[in-house]
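Asks: Sharing final-v1.txt (compact mmCIF, N, CA and C atoms) below.
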```txt
# COMPACT_ATOMS: atom_id res chain seq x y z
N GLN A 1 29.26 -2.75 -11.08
CA GLN A 1 28.20 -2.75 -10.08
C GLN A 1 27.38 -4.02 -10.20
N VAL A 2 27.19 -4.69 -9.08
CA VAL A 2 26.42 -5.93 -9.08
C VAL A 2 24.93 -5.61 -9.16
N GLN A 3 24.25 -6.32 -10.06
CA GLN A 3 22.81 -6.16 -10.18
C GLN A 3 22.14 -7.50 -10.31
N LEU A 4 20.99 -7.62 -9.70
CA LEU A 4 20.12 -8.79 -9.86
C LEU A 4 18.79 -8.28 -10.41
N VAL A 5 18.36 -8.85 -11.53
CA VAL A 5 17.14 -8.39 -12.17
C VAL A 5 16.19 -9.57 -12.35
N GLU A 6 15.03 -9.47 -11.66
CA GLU A 6 14.02 -10.52 -11.75
C GLU A 6 13.09 -10.27 -12.93
N SER A 7 12.54 -11.35 -13.45
CA SER A 7 11.52 -11.26 -14.50
C SER A 7 10.64 -12.50 -14.43
N GLY A 8 9.52 -12.44 -15.15
CA GLY A 8 8.66 -13.61 -15.23
C GLY A 8 7.41 -13.54 -14.37
N GLY A 9 7.30 -12.51 -13.55
CA GLY A 9 6.10 -12.38 -12.75
C GLY A 9 4.90 -12.00 -13.59
N GLY A 10 3.74 -12.02 -12.96
CA GLY A 10 2.53 -11.64 -13.68
C GLY A 10 1.29 -12.10 -12.96
N LEU A 11 0.18 -12.03 -13.68
CA LEU A 11 -1.12 -12.45 -13.16
C LEU A 11 -1.45 -13.83 -13.69
N VAL A 12 -1.81 -14.72 -12.80
CA VAL A 12 -2.13 -16.09 -13.18
C VAL A 12 -3.29 -16.58 -12.35
N GLN A 13 -4.08 -17.48 -12.91
CA GLN A 13 -5.20 -18.05 -12.15
C GLN A 13 -4.70 -19.14 -11.20
N ALA A 14 -5.45 -19.33 -10.16
CA ALA A 14 -5.11 -20.39 -9.21
C ALA A 14 -4.99 -21.72 -9.95
N GLY A 15 -3.96 -22.48 -9.58
CA GLY A 15 -3.69 -23.73 -10.25
C GLY A 15 -2.71 -23.61 -11.40
N GLY A 16 -2.42 -22.37 -11.78
CA GLY A 16 -1.52 -22.14 -12.90
C GLY A 16 -0.06 -22.19 -12.50
N SER A 17 0.79 -21.86 -13.46
CA SER A 17 2.24 -21.94 -13.26
C SER A 17 2.92 -20.67 -13.74
N LEU A 18 4.07 -20.39 -13.14
CA LEU A 18 4.93 -19.30 -13.58
C LEU A 18 6.38 -19.73 -13.40
N ARG A 19 7.23 -19.16 -14.22
CA ARG A 19 8.66 -19.38 -14.07
C ARG A 19 9.35 -18.03 -13.91
N LEU A 20 9.92 -17.82 -12.75
CA LEU A 20 10.65 -16.59 -12.49
C LEU A 20 12.12 -16.78 -12.83
N SER A 21 12.71 -15.71 -13.33
CA SER A 21 14.14 -15.72 -13.63
C SER A 21 14.81 -14.57 -12.90
N CYS A 22 16.07 -14.75 -12.58
CA CYS A 22 16.85 -13.67 -11.97
C CYS A 22 18.24 -13.70 -12.60
N ALA A 23 18.52 -12.67 -13.36
CA ALA A 23 19.80 -12.58 -14.05
C ALA A 23 20.73 -11.63 -13.29
N ALA A 24 21.91 -12.12 -13.01
CA ALA A 24 22.90 -11.31 -12.30
C ALA A 24 23.88 -10.70 -13.30
N SER A 25 24.34 -9.53 -12.99
CA SER A 25 25.35 -8.88 -13.83
C SER A 25 26.34 -8.14 -12.96
N GLY A 26 27.46 -7.81 -13.54
CA GLY A 26 28.47 -7.08 -12.81
C GLY A 26 29.54 -7.97 -12.20
N ARG A 27 29.15 -9.17 -11.83
CA ARG A 27 30.09 -10.13 -11.25
C ARG A 27 29.38 -11.47 -11.21
N THR A 28 30.13 -12.55 -11.36
CA THR A 28 29.51 -13.86 -11.37
C THR A 28 29.22 -14.38 -9.97
N PHE A 29 28.06 -15.05 -9.84
CA PHE A 29 27.69 -15.71 -8.58
C PHE A 29 27.83 -17.23 -8.71
N SER A 30 28.60 -17.68 -9.69
CA SER A 30 28.67 -19.10 -9.97
C SER A 30 29.23 -19.93 -8.82
N SER A 31 29.93 -19.32 -7.89
CA SER A 31 30.45 -20.05 -6.73
C SER A 31 29.63 -19.80 -5.48
N GLY A 32 28.54 -19.09 -5.61
CA GLY A 32 27.79 -18.67 -4.44
C GLY A 32 26.38 -19.22 -4.36
N ALA A 33 25.79 -19.07 -3.20
CA ALA A 33 24.40 -19.46 -2.99
C ALA A 33 23.46 -18.41 -3.56
N MET A 34 22.32 -18.88 -4.06
CA MET A 34 21.31 -17.98 -4.60
C MET A 34 19.94 -18.43 -4.09
N GLY A 35 18.98 -17.52 -4.13
CA GLY A 35 17.68 -17.92 -3.61
C GLY A 35 16.59 -16.93 -3.92
N TRP A 36 15.40 -17.25 -3.38
CA TRP A 36 14.22 -16.42 -3.57
C TRP A 36 13.53 -16.20 -2.24
N PHE A 37 13.06 -14.98 -2.05
CA PHE A 37 12.19 -14.62 -0.94
C PHE A 37 10.94 -13.98 -1.55
N ARG A 38 9.93 -13.79 -0.71
CA ARG A 38 8.73 -13.09 -1.17
C ARG A 38 8.17 -12.25 -0.04
N GLN A 39 7.42 -11.23 -0.44
CA GLN A 39 6.77 -10.36 0.54
C GLN A 39 5.37 -10.03 0.07
N ALA A 40 4.41 -10.47 0.85
CA ALA A 40 3.01 -10.18 0.56
C ALA A 40 2.63 -8.86 1.23
N PRO A 41 1.58 -8.20 0.73
CA PRO A 41 1.16 -6.94 1.34
C PRO A 41 0.88 -7.07 2.83
N GLY A 42 1.48 -6.20 3.61
CA GLY A 42 1.25 -6.19 5.05
C GLY A 42 1.99 -7.26 5.82
N LYS A 43 2.84 -8.03 5.13
CA LYS A 43 3.58 -9.10 5.78
C LYS A 43 5.08 -8.90 5.64
N GLU A 44 5.82 -9.61 6.46
CA GLU A 44 7.26 -9.54 6.39
C GLU A 44 7.77 -10.38 5.21
N ARG A 45 8.96 -10.02 4.75
CA ARG A 45 9.59 -10.82 3.70
C ARG A 45 9.91 -12.20 4.25
N GLU A 46 9.63 -13.23 3.46
CA GLU A 46 9.86 -14.60 3.92
C GLU A 46 10.62 -15.42 2.89
N PHE A 47 11.32 -16.39 3.39
CA PHE A 47 12.11 -17.29 2.56
C PHE A 47 11.22 -18.17 1.71
N VAL A 48 11.65 -18.41 0.47
CA VAL A 48 10.94 -19.31 -0.43
C VAL A 48 11.81 -20.51 -0.80
N ALA A 49 12.99 -20.25 -1.36
CA ALA A 49 13.85 -21.34 -1.82
C ALA A 49 15.28 -20.86 -1.93
N ALA A 50 16.22 -21.82 -1.83
CA ALA A 50 17.63 -21.50 -1.98
C ALA A 50 18.34 -22.66 -2.66
N ILE A 51 19.48 -22.35 -3.27
CA ILE A 51 20.23 -23.35 -4.00
C ILE A 51 21.72 -23.08 -3.83
N ASN A 52 22.50 -24.15 -3.71
CA ASN A 52 23.94 -23.95 -3.54
C ASN A 52 24.60 -23.71 -4.89
N TRP A 53 25.89 -23.51 -4.90
CA TRP A 53 26.58 -23.09 -6.11
C TRP A 53 26.46 -24.10 -7.25
N SER A 54 26.45 -25.38 -6.91
CA SER A 54 26.43 -26.41 -7.94
C SER A 54 25.03 -26.78 -8.38
N GLY A 55 24.05 -26.41 -7.58
CA GLY A 55 22.68 -26.80 -7.86
C GLY A 55 22.29 -28.12 -7.24
N ILE A 56 23.21 -28.78 -6.57
CA ILE A 56 22.93 -30.09 -5.99
C ILE A 56 22.08 -29.96 -4.73
N ASN A 57 22.39 -28.96 -3.92
CA ASN A 57 21.65 -28.78 -2.66
C ASN A 57 20.63 -27.66 -2.79
N THR A 58 19.40 -27.98 -2.39
CA THR A 58 18.33 -27.00 -2.42
C THR A 58 17.57 -27.03 -1.09
N ASP A 59 16.86 -25.95 -0.84
CA ASP A 59 16.07 -25.84 0.38
C ASP A 59 14.81 -25.07 0.03
N TYR A 60 13.69 -25.48 0.64
CA TYR A 60 12.41 -24.85 0.35
C TYR A 60 11.65 -24.55 1.62
N ALA A 61 10.86 -23.49 1.58
CA ALA A 61 9.91 -23.25 2.65
C ALA A 61 8.83 -24.32 2.58
N ASP A 62 8.30 -24.68 3.73
CA ASP A 62 7.25 -25.71 3.77
C ASP A 62 6.05 -25.31 2.91
N SER A 63 5.79 -24.02 2.84
CA SER A 63 4.60 -23.54 2.13
C SER A 63 4.68 -23.76 0.63
N VAL A 64 5.87 -23.95 0.08
CA VAL A 64 6.02 -24.13 -1.36
C VAL A 64 6.60 -25.49 -1.72
N LYS A 65 7.00 -26.27 -0.74
CA LYS A 65 7.63 -27.56 -1.00
C LYS A 65 6.69 -28.44 -1.81
N GLY A 66 7.21 -29.03 -2.87
CA GLY A 66 6.41 -29.88 -3.73
C GLY A 66 5.73 -29.13 -4.86
N ARG A 67 5.69 -27.81 -4.77
CA ARG A 67 5.06 -27.00 -5.81
C ARG A 67 6.07 -26.13 -6.56
N CYS A 68 7.22 -25.89 -5.95
CA CYS A 68 8.21 -25.02 -6.55
C CYS A 68 9.53 -25.75 -6.74
N THR A 69 10.25 -25.36 -7.77
CA THR A 69 11.57 -25.92 -8.03
C THR A 69 12.53 -24.79 -8.34
N ILE A 70 13.63 -24.74 -7.58
CA ILE A 70 14.66 -23.75 -7.84
C ILE A 70 15.78 -24.41 -8.64
N SER A 71 16.32 -23.68 -9.59
CA SER A 71 17.42 -24.19 -10.40
C SER A 71 18.30 -23.01 -10.80
N ARG A 72 19.44 -23.33 -11.38
CA ARG A 72 20.35 -22.26 -11.80
C ARG A 72 21.13 -22.67 -13.02
N ASP A 73 21.58 -21.66 -13.76
CA ASP A 73 22.45 -21.86 -14.91
C ASP A 73 23.65 -20.94 -14.69
N ASN A 74 24.73 -21.50 -14.23
CA ASN A 74 25.91 -20.69 -13.90
C ASN A 74 26.52 -20.04 -15.14
N ALA A 75 26.37 -20.67 -16.27
CA ALA A 75 26.90 -20.07 -17.49
C ALA A 75 26.17 -18.77 -17.84
N LYS A 76 24.91 -18.70 -17.41
CA LYS A 76 24.12 -17.50 -17.67
C LYS A 76 24.02 -16.60 -16.43
N ASN A 77 24.65 -17.04 -15.33
CA ASN A 77 24.59 -16.26 -14.08
C ASN A 77 23.15 -15.97 -13.68
N THR A 78 22.33 -17.02 -13.79
CA THR A 78 20.88 -16.87 -13.62
C THR A 78 20.33 -17.96 -12.71
N VAL A 79 19.37 -17.57 -11.88
CA VAL A 79 18.65 -18.52 -11.04
C VAL A 79 17.17 -18.45 -11.41
N TYR A 80 16.50 -19.59 -11.33
CA TYR A 80 15.10 -19.70 -11.72
C TYR A 80 14.26 -20.21 -10.56
N LEU A 81 12.97 -19.91 -10.63
CA LEU A 81 12.01 -20.48 -9.69
C LEU A 81 10.78 -20.89 -10.50
N GLU A 82 10.60 -22.19 -10.62
CA GLU A 82 9.43 -22.74 -11.30
C GLU A 82 8.35 -22.93 -10.25
N MET A 83 7.20 -22.31 -10.47
CA MET A 83 6.11 -22.40 -9.50
C MET A 83 4.90 -23.02 -10.16
N ASN A 84 4.37 -24.07 -9.57
CA ASN A 84 3.21 -24.78 -10.09
C ASN A 84 2.10 -24.81 -9.04
N SER A 85 0.93 -25.16 -9.49
CA SER A 85 -0.24 -25.25 -8.59
C SER A 85 -0.34 -24.00 -7.71
N LEU A 86 -0.25 -22.87 -8.34
CA LEU A 86 -0.23 -21.61 -7.59
C LEU A 86 -1.55 -21.36 -6.87
N LYS A 87 -1.43 -20.74 -5.70
CA LYS A 87 -2.57 -20.44 -4.86
C LYS A 87 -2.65 -18.92 -4.65
N PRO A 88 -3.82 -18.42 -4.32
CA PRO A 88 -3.92 -16.97 -4.05
C PRO A 88 -2.95 -16.51 -2.97
N GLU A 89 -2.66 -17.36 -2.01
CA GLU A 89 -1.73 -16.99 -0.94
C GLU A 89 -0.28 -16.92 -1.40
N ASP A 90 -0.02 -17.30 -2.63
CA ASP A 90 1.32 -17.12 -3.20
C ASP A 90 1.51 -15.70 -3.75
N THR A 91 0.45 -14.92 -3.76
CA THR A 91 0.53 -13.55 -4.25
C THR A 91 1.51 -12.75 -3.40
N ALA A 92 2.50 -12.16 -4.06
CA ALA A 92 3.55 -11.42 -3.36
C ALA A 92 4.51 -10.83 -4.38
N VAL A 93 5.39 -9.98 -3.88
CA VAL A 93 6.54 -9.57 -4.68
C VAL A 93 7.66 -10.57 -4.39
N TYR A 94 8.21 -11.12 -5.43
CA TYR A 94 9.25 -12.14 -5.29
C TYR A 94 10.61 -11.49 -5.55
N TYR A 95 11.52 -11.71 -4.59
CA TYR A 95 12.85 -11.12 -4.65
C TYR A 95 13.91 -12.20 -4.81
N CYS A 96 14.84 -11.93 -5.68
CA CYS A 96 16.01 -12.78 -5.85
C CYS A 96 17.10 -12.30 -4.90
N THR A 97 17.86 -13.23 -4.36
CA THR A 97 18.99 -12.87 -3.51
C THR A 97 20.17 -13.78 -3.82
N ALA A 98 21.36 -13.27 -3.61
CA ALA A 98 22.56 -14.05 -3.93
C ALA A 98 23.74 -13.54 -3.12
N ARG A 99 24.69 -14.41 -2.93
CA ARG A 99 25.94 -14.03 -2.26
C ARG A 99 27.09 -14.73 -2.95
N PHE A 100 28.29 -14.20 -2.80
CA PHE A 100 29.43 -14.74 -3.52
C PHE A 100 29.98 -16.00 -2.90
N ASP A 101 29.75 -16.23 -1.62
CA ASP A 101 30.21 -17.49 -1.05
C ASP A 101 29.04 -18.48 -1.06
N ASN A 102 29.30 -19.71 -0.70
CA ASN A 102 28.30 -20.77 -0.81
C ASN A 102 27.57 -20.98 0.51
N ASN A 103 27.44 -19.94 1.31
CA ASN A 103 26.84 -20.07 2.63
C ASN A 103 25.32 -19.96 2.53
N MET A 104 24.68 -21.09 2.30
CA MET A 104 23.21 -21.09 2.16
C MET A 104 22.55 -20.67 3.46
N HIS A 105 23.12 -21.06 4.59
CA HIS A 105 22.53 -20.70 5.87
C HIS A 105 22.46 -19.19 6.02
N ALA A 106 23.55 -18.52 5.67
CA ALA A 106 23.58 -17.06 5.78
C ALA A 106 22.60 -16.43 4.81
N LEU A 107 22.45 -17.02 3.64
CA LEU A 107 21.52 -16.50 2.65
C LEU A 107 20.09 -16.59 3.16
N VAL A 108 19.78 -17.70 3.80
CA VAL A 108 18.40 -17.97 4.22
C VAL A 108 18.07 -17.30 5.55
N ALA A 109 19.03 -17.34 6.48
CA ALA A 109 18.72 -16.97 7.87
C ALA A 109 18.85 -15.48 8.17
N SER A 110 19.61 -14.76 7.36
CA SER A 110 19.88 -13.38 7.73
C SER A 110 19.68 -12.45 6.55
N MET A 111 18.46 -11.96 6.39
CA MET A 111 18.18 -11.06 5.27
C MET A 111 18.99 -9.77 5.37
N SER A 112 19.39 -9.40 6.56
CA SER A 112 20.11 -8.14 6.74
C SER A 112 21.61 -8.29 6.53
N ASP A 113 22.07 -9.52 6.27
CA ASP A 113 23.50 -9.75 6.03
C ASP A 113 23.96 -8.92 4.84
N LYS A 114 24.98 -8.12 5.05
CA LYS A 114 25.43 -7.21 4.00
C LYS A 114 26.10 -7.93 2.84
N SER A 115 26.35 -9.20 3.02
CA SER A 115 26.93 -9.97 1.91
C SER A 115 25.85 -10.52 0.99
N ASN A 116 24.59 -10.33 1.34
CA ASN A 116 23.48 -10.77 0.50
C ASN A 116 23.07 -9.63 -0.44
N TYR A 117 23.06 -9.93 -1.71
CA TYR A 117 22.60 -8.97 -2.70
C TYR A 117 21.15 -9.26 -3.04
N TRP A 118 20.42 -8.20 -3.40
CA TRP A 118 18.99 -8.33 -3.65
C TRP A 118 18.59 -7.68 -4.97
N GLY A 119 17.59 -8.27 -5.62
CA GLY A 119 16.98 -7.64 -6.76
C GLY A 119 15.86 -6.72 -6.34
N GLN A 120 15.21 -6.09 -7.31
CA GLN A 120 14.13 -5.15 -7.03
C GLN A 120 12.77 -5.82 -6.89
N GLY A 121 12.69 -7.06 -7.30
CA GLY A 121 11.44 -7.80 -7.13
C GLY A 121 10.59 -7.86 -8.38
N THR A 122 9.77 -8.89 -8.44
CA THR A 122 8.79 -9.05 -9.52
C THR A 122 7.47 -9.48 -8.90
N GLN A 123 6.39 -8.86 -9.34
CA GLN A 123 5.08 -9.11 -8.75
C GLN A 123 4.46 -10.39 -9.30
N VAL A 124 3.99 -11.22 -8.40
CA VAL A 124 3.21 -12.40 -8.77
C VAL A 124 1.84 -12.26 -8.13
N THR A 125 0.80 -12.32 -8.95
CA THR A 125 -0.56 -12.22 -8.46
C THR A 125 -1.34 -13.44 -8.92
N VAL A 126 -1.91 -14.14 -7.96
CA VAL A 126 -2.67 -15.35 -8.26
C VAL A 126 -4.14 -15.08 -7.94
N SER A 127 -4.99 -15.19 -8.95
CA SER A 127 -6.41 -14.91 -8.78
C SER A 127 -7.19 -16.22 -8.66
N LEU A 128 -8.37 -16.10 -8.06
CA LEU A 128 -9.22 -17.28 -7.90
C LEU A 128 -9.83 -17.70 -9.23
```
So that I can check it, write out the structure of this file as structure tokens.

Replies:
Amino acid sequence: QVQLVESGGGLVQAGGSLRLSCAASGRTFSSGAMGWFRQAPGKEREFVAAINWSGINTDYADSVKGRCTISRDNAKNTVYLEMNSLKPEDTAVYYCTARFDNNMHALVASMSDKSNYWGQGTQVTVSL
């Protein structure tokens, strides 16, 4: 059974940093696209960042560009999200997503795509 498990969330002051991790198990995603979404209270889930299988190609939402870095370690079947200069508006549940093919567009554009796997989320809270 494929599982994605996020970790690294928590409470941090504005301006601080966090590093989220998402470890996959059950099957390797080393040839596939991986990414992060987030959902704030009362809002729809939104795209944060994505990375292709090799780690060479990345994509970011404008709201986090320059503050976040996505990376991956295929040997560990894990994707990371380094977040810096955090703002209160970054407060949300952060979800890891992955697919077995390298279709970043499908990963980013279609949350309902049945080929996208999702984790349970990790809470990030940024205080003033």

Asks: Report as a CSV table (one decimal) with N, CA and C atoms, in the frame of the given file all protein, DNA and RNA residues lying within 8 Å of Gln13 of chain A, evaluated on all atoms listed in the file, omitting residues in the same chain fewer than 2 positions from it.

Replies:
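Just written: part-v8.csv:
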```csv
chain,number,residue,atom,x,y,z
A,10,GLY,N,3.7,-12.0,-13.0
A,10,GLY,CA,2.5,-11.6,-13.7
A,10,GLY,C,1.3,-12.1,-13.0
A,11,LEU,N,0.2,-12.0,-13.7
A,11,LEU,CA,-1.1,-12.4,-13.2
A,11,LEU,C,-1.4,-13.8,-13.7
A,15,GLY,N,-4.0,-22.5,-9.6
A,15,GLY,CA,-3.7,-23.7,-10.2
A,15,GLY,C,-2.7,-23.6,-11.4
A,16,GLY,N,-2.4,-22.4,-11.8
A,16,GLY,CA,-1.5,-22.1,-12.9
A,16,GLY,C,-0.1,-22.2,-12.5
A,17,SER,N,0.8,-21.9,-13.5
A,17,SER,CA,2.2,-21.9,-13.3
A,17,SER,C,2.9,-20.7,-13.7
A,85,SER,N,0.9,-25.2,-9.5
A,85,SER,CA,-0.2,-25.2,-8.6
A,85,SER,C,-0.3,-24.0,-7.7
A,86,LEU,N,-0.2,-22.9,-8.3
A,86,LEU,CA,-0.2,-21.6,-7.6
A,86,LEU,C,-1.6,-21.4,-6.9
A,87,LYS,N,-1.4,-20.7,-5.7
A,87,LYS,CA,-2.6,-20.4,-4.9
A,87,LYS,C,-2.6,-18.9,-4.6
A,88,PRO,N,-3.8,-18.4,-4.3
A,88,PRO,CA,-3.9,-17.0,-4.0
A,88,PRO,C,-3.0,-16.5,-3.0
A,125,THR,N,0.8,-12.3,-9.0
A,125,THR,CA,-0.6,-12.2,-8.5
A,125,THR,C,-1.3,-13.4,-8.9
A,126,VAL,N,-1.9,-14.1,-8.0
A,126,VAL,CA,-2.7,-15.4,-8.3
A,126,VAL,C,-4.1,-15.1,-7.9
A,127,SER,N,-5.0,-15.2,-9.0
A,127,SER,CA,-6.4,-14.9,-8.8
A,127,SER,C,-7.2,-16.2,-8.7
A,128,LEU,N,-8.4,-16.1,-8.1
A,128,LEU,CA,-9.2,-17.3,-7.9
A,128,LEU,C,-9.8,-17.7,-9.2
```

Asks: Excluding segment 1-3 of chain A and any residue of its chain fewer than 4 positions from it, enumerate the residues within 6.5 Å of it, using only N, CA and C atoms, and give them as a VMD selection string.

Replies: chain A and resid 23 to 27 118 to 119

Asks: Find, counting only C-alpha atoms, the residue in A:Ala40, A:Ala49, A:Met34, A:Cys96 that gets nearest to Ser7 of chain A.

Replies: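 Distance minimum relative to Ser7 of chain A lands on A:Cys96.
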
Asks: Within segment 43-79 of chain A, find each residue whose DSSP state, derived from the backbone, is strand (DSSP E), and express the selection as a list in words.

Replies: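 Output for segment 43-79 of chain A, strand (DSSP E) only: Glu46, Phe47, Val48, Ala49, Ala50, Ile51, Thr58, Asp59, Tyr60, Cys68, Thr69, Ile70, Ser71, Arg72, Asp73, Thr78 and Val79 of chain A.
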
Asks: Create the file for the chosen residues now, containing N, CA and C atoms and written as a CSV table (one decimal), keeping the file's coordinate frame.

Replies:
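Produced file part_20.csv, reproduced below:
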```
chain,number,residue,atom,x,y,z
A,46,GLU,N,9.6,-13.2,3.5
A,46,GLU,CA,9.9,-14.6,3.9
A,46,GLU,C,10.6,-15.4,2.9
A,47,PHE,N,11.3,-16.4,3.4
A,47,PHE,CA,12.1,-17.3,2.6
A,47,PHE,C,11.2,-18.2,1.7
A,48,VAL,N,11.6,-18.4,0.5
A,48,VAL,CA,10.9,-19.3,-0.4
A,48,VAL,C,11.8,-20.5,-0.8
A,49,ALA,N,13.0,-20.2,-1.4
A,49,ALA,CA,13.8,-21.3,-1.8
A,49,ALA,C,15.3,-20.9,-1.9
A,50,ALA,N,16.2,-21.8,-1.8
A,50,ALA,CA,17.6,-21.5,-2.0
A,50,ALA,C,18.3,-22.7,-2.7
A,51,ILE,N,19.5,-22.4,-3.3
A,51,ILE,CA,20.2,-23.4,-4.0
A,51,ILE,C,21.7,-23.1,-3.8
A,58,THR,N,19.4,-28.0,-2.4
A,58,THR,CA,18.3,-27.0,-2.4
A,58,THR,C,17.6,-27.0,-1.1
A,59,ASP,N,16.9,-26.0,-0.8
A,59,ASP,CA,16.1,-25.8,0.4
A,59,ASP,C,14.8,-25.1,0.0
A,60,TYR,N,13.7,-25.5,0.6
A,60,TYR,CA,12.4,-24.8,0.4
A,60,TYR,C,11.6,-24.6,1.6
A,68,CYS,N,7.2,-25.9,-6.0
A,68,CYS,CA,8.2,-25.0,-6.6
A,68,CYS,C,9.5,-25.8,-6.7
A,69,THR,N,10.2,-25.4,-7.8
A,69,THR,CA,11.6,-25.9,-8.0
A,69,THR,C,12.5,-24.8,-8.3
A,70,ILE,N,13.6,-24.7,-7.6
A,70,ILE,CA,14.7,-23.8,-7.8
A,70,ILE,C,15.8,-24.4,-8.6
A,71,SER,N,16.3,-23.7,-9.6
A,71,SER,CA,17.4,-24.2,-10.4
A,71,SER,C,18.3,-23.0,-10.8
A,72,ARG,N,19.4,-23.3,-11.4
A,72,ARG,CA,20.4,-22.3,-11.8
A,72,ARG,C,21.1,-22.7,-13.0
A,73,ASP,N,21.6,-21.7,-13.8
A,73,ASP,CA,22.4,-21.9,-14.9
A,73,ASP,C,23.6,-20.9,-14.7
A,78,THR,N,22.3,-17.0,-13.8
A,78,THR,CA,20.9,-16.9,-13.6
A,78,THR,C,20.3,-18.0,-12.7
A,79,VAL,N,19.4,-17.6,-11.9
A,79,VAL,CA,18.6,-18.5,-11.0
A,79,VAL,C,17.2,-18.4,-11.4
```

Asks: Atom CA of Ser21 of chain A and atom CA of Val124 of chain A are how many Å apart?

Replies: 12.4 Å

Asks: Could you add whatever atoms are missing so that segment 57-63 of chain A carries all heavy atoms, then write the result as a PDB file, in the frame of the given file?

Replies:
```pdb
ATOM      1  N   ASN A  57      22.390 -28.960  -3.920  1.00  0.00           N
ATOM      2  CA  ASN A  57      21.650 -28.780  -2.660  1.00  0.00           C
ATOM      3  C   ASN A  57      20.630 -27.660  -2.790  1.00  0.00           C
ATOM      4  O   ASN A  57      20.938 -26.562  -3.246  1.00  0.00           O
ATOM      5  CB  ASN A  57      22.627 -28.439  -1.527  1.00  0.00           C
ATOM      6  CG  ASN A  57      23.547 -29.605  -1.219  1.00  0.00           C
ATOM      7  OD1 ASN A  57      23.157 -30.757  -1.309  1.00  0.00           O
ATOM      8  ND2 ASN A  57      24.786 -29.301  -0.866  1.00  0.00           N
ATOM      9  N   THR A  58      19.400 -27.980  -2.390  1.00  0.00           N
ATOM     10  CA  THR A  58      18.330 -27.000  -2.420  1.00  0.00           C
ATOM     11  C   THR A  58      17.570 -27.030  -1.090  1.00  0.00           C
ATOM     12  O   THR A  58      17.637 -27.997  -0.341  1.00  0.00           O
ATOM     13  CB  THR A  58      17.338 -27.275  -3.560  1.00  0.00           C
ATOM     14  OG1 THR A  58      16.804 -28.592  -3.411  1.00  0.00           O
ATOM     15  CG2 THR A  58      18.011 -27.147  -4.914  1.00  0.00           C
ATOM     16  N   ASP A  59      16.860 -25.950  -0.840  1.00  0.00           N
ATOM     17  CA  ASP A  59      16.070 -25.840   0.380  1.00  0.00           C
ATOM     18  C   ASP A  59      14.810 -25.070   0.030  1.00  0.00           C
ATOM     19  O   ASP A  59      14.849 -24.134  -0.779  1.00  0.00           O
ATOM     20  CB  ASP A  59      16.873 -25.105   1.462  1.00  0.00           C
ATOM     21  CG  ASP A  59      16.220 -25.166   2.823  1.00  0.00           C
ATOM     22  OD1 ASP A  59      15.350 -26.036   3.041  1.00  0.00           O
ATOM     23  OD2 ASP A  59      16.557 -24.327   3.682  1.00  0.00           O
ATOM     24  N   TYR A  60      13.690 -25.480   0.640  1.00  0.00           N
ATOM     25  CA  TYR A  60      12.410 -24.850   0.350  1.00  0.00           C
ATOM     26  C   TYR A  60      11.650 -24.550   1.620  1.00  0.00           C
ATOM     27  O   TYR A  60      11.733 -25.307   2.592  1.00  0.00           O
ATOM     28  CB  TYR A  60      11.542 -25.765  -0.528  1.00  0.00           C
ATOM     29  CG  TYR A  60      12.111 -26.051  -1.898  1.00  0.00           C
ATOM     30  CD1 TYR A  60      12.903 -27.174  -2.122  1.00  0.00           C
ATOM     31  CD2 TYR A  60      11.864 -25.190  -2.966  1.00  0.00           C
ATOM     32  CE1 TYR A  60      13.439 -27.434  -3.365  1.00  0.00           C
ATOM     33  CE2 TYR A  60      12.391 -25.446  -4.224  1.00  0.00           C
ATOM     34  CZ  TYR A  60      13.174 -26.571  -4.413  1.00  0.00           C
ATOM     35  OH  TYR A  60      13.698 -26.824  -5.663  1.00  0.00           O
ATOM     36  N   ALA A  61      10.860 -23.490   1.580  1.00  0.00           N
ATOM     37  CA  ALA A  61       9.910 -23.250   2.650  1.00  0.00           C
ATOM     38  C   ALA A  61       8.830 -24.320   2.580  1.00  0.00           C
ATOM     39  O   ALA A  61       8.474 -24.792   1.496  1.00  0.00           O
ATOM     40  CB  ALA A  61       9.301 -21.866   2.507  1.00  0.00           C
ATOM     41  N   ASP A  62       8.300 -24.680   3.730  1.00  0.00           N
ATOM     42  CA  ASP A  62       7.250 -25.710   3.770  1.00  0.00           C
ATOM     43  C   ASP A  62       6.050 -25.310   2.910  1.00  0.00           C
ATOM     44  O   ASP A  62       5.392 -26.156   2.315  1.00  0.00           O
ATOM     45  CB  ASP A  62       6.808 -25.953   5.211  1.00  0.00           C
ATOM     46  CG  ASP A  62       7.852 -26.700   6.025  1.00  0.00           C
ATOM     47  OD1 ASP A  62       8.746 -27.326   5.420  1.00  0.00           O
ATOM     48  OD2 ASP A  62       7.755 -26.666   7.270  1.00  0.00           O
ATOM     49  N   SER A  63       5.790 -24.020   2.840  1.00  0.00           N
ATOM     50  CA  SER A  63       4.600 -23.540   2.130  1.00  0.00           C
ATOM     51  C   SER A  63       4.680 -23.760   0.630  1.00  0.00           C
ATOM     52  O   SER A  63       3.652 -23.733  -0.052  1.00  0.00           O
ATOM     53  CB  SER A  63       4.395 -22.049   2.421  1.00  0.00           C
ATOM     54  OG  SER A  63       5.533 -21.306   2.035  1.00  0.00           O
TER      55      SER A  63
END
```
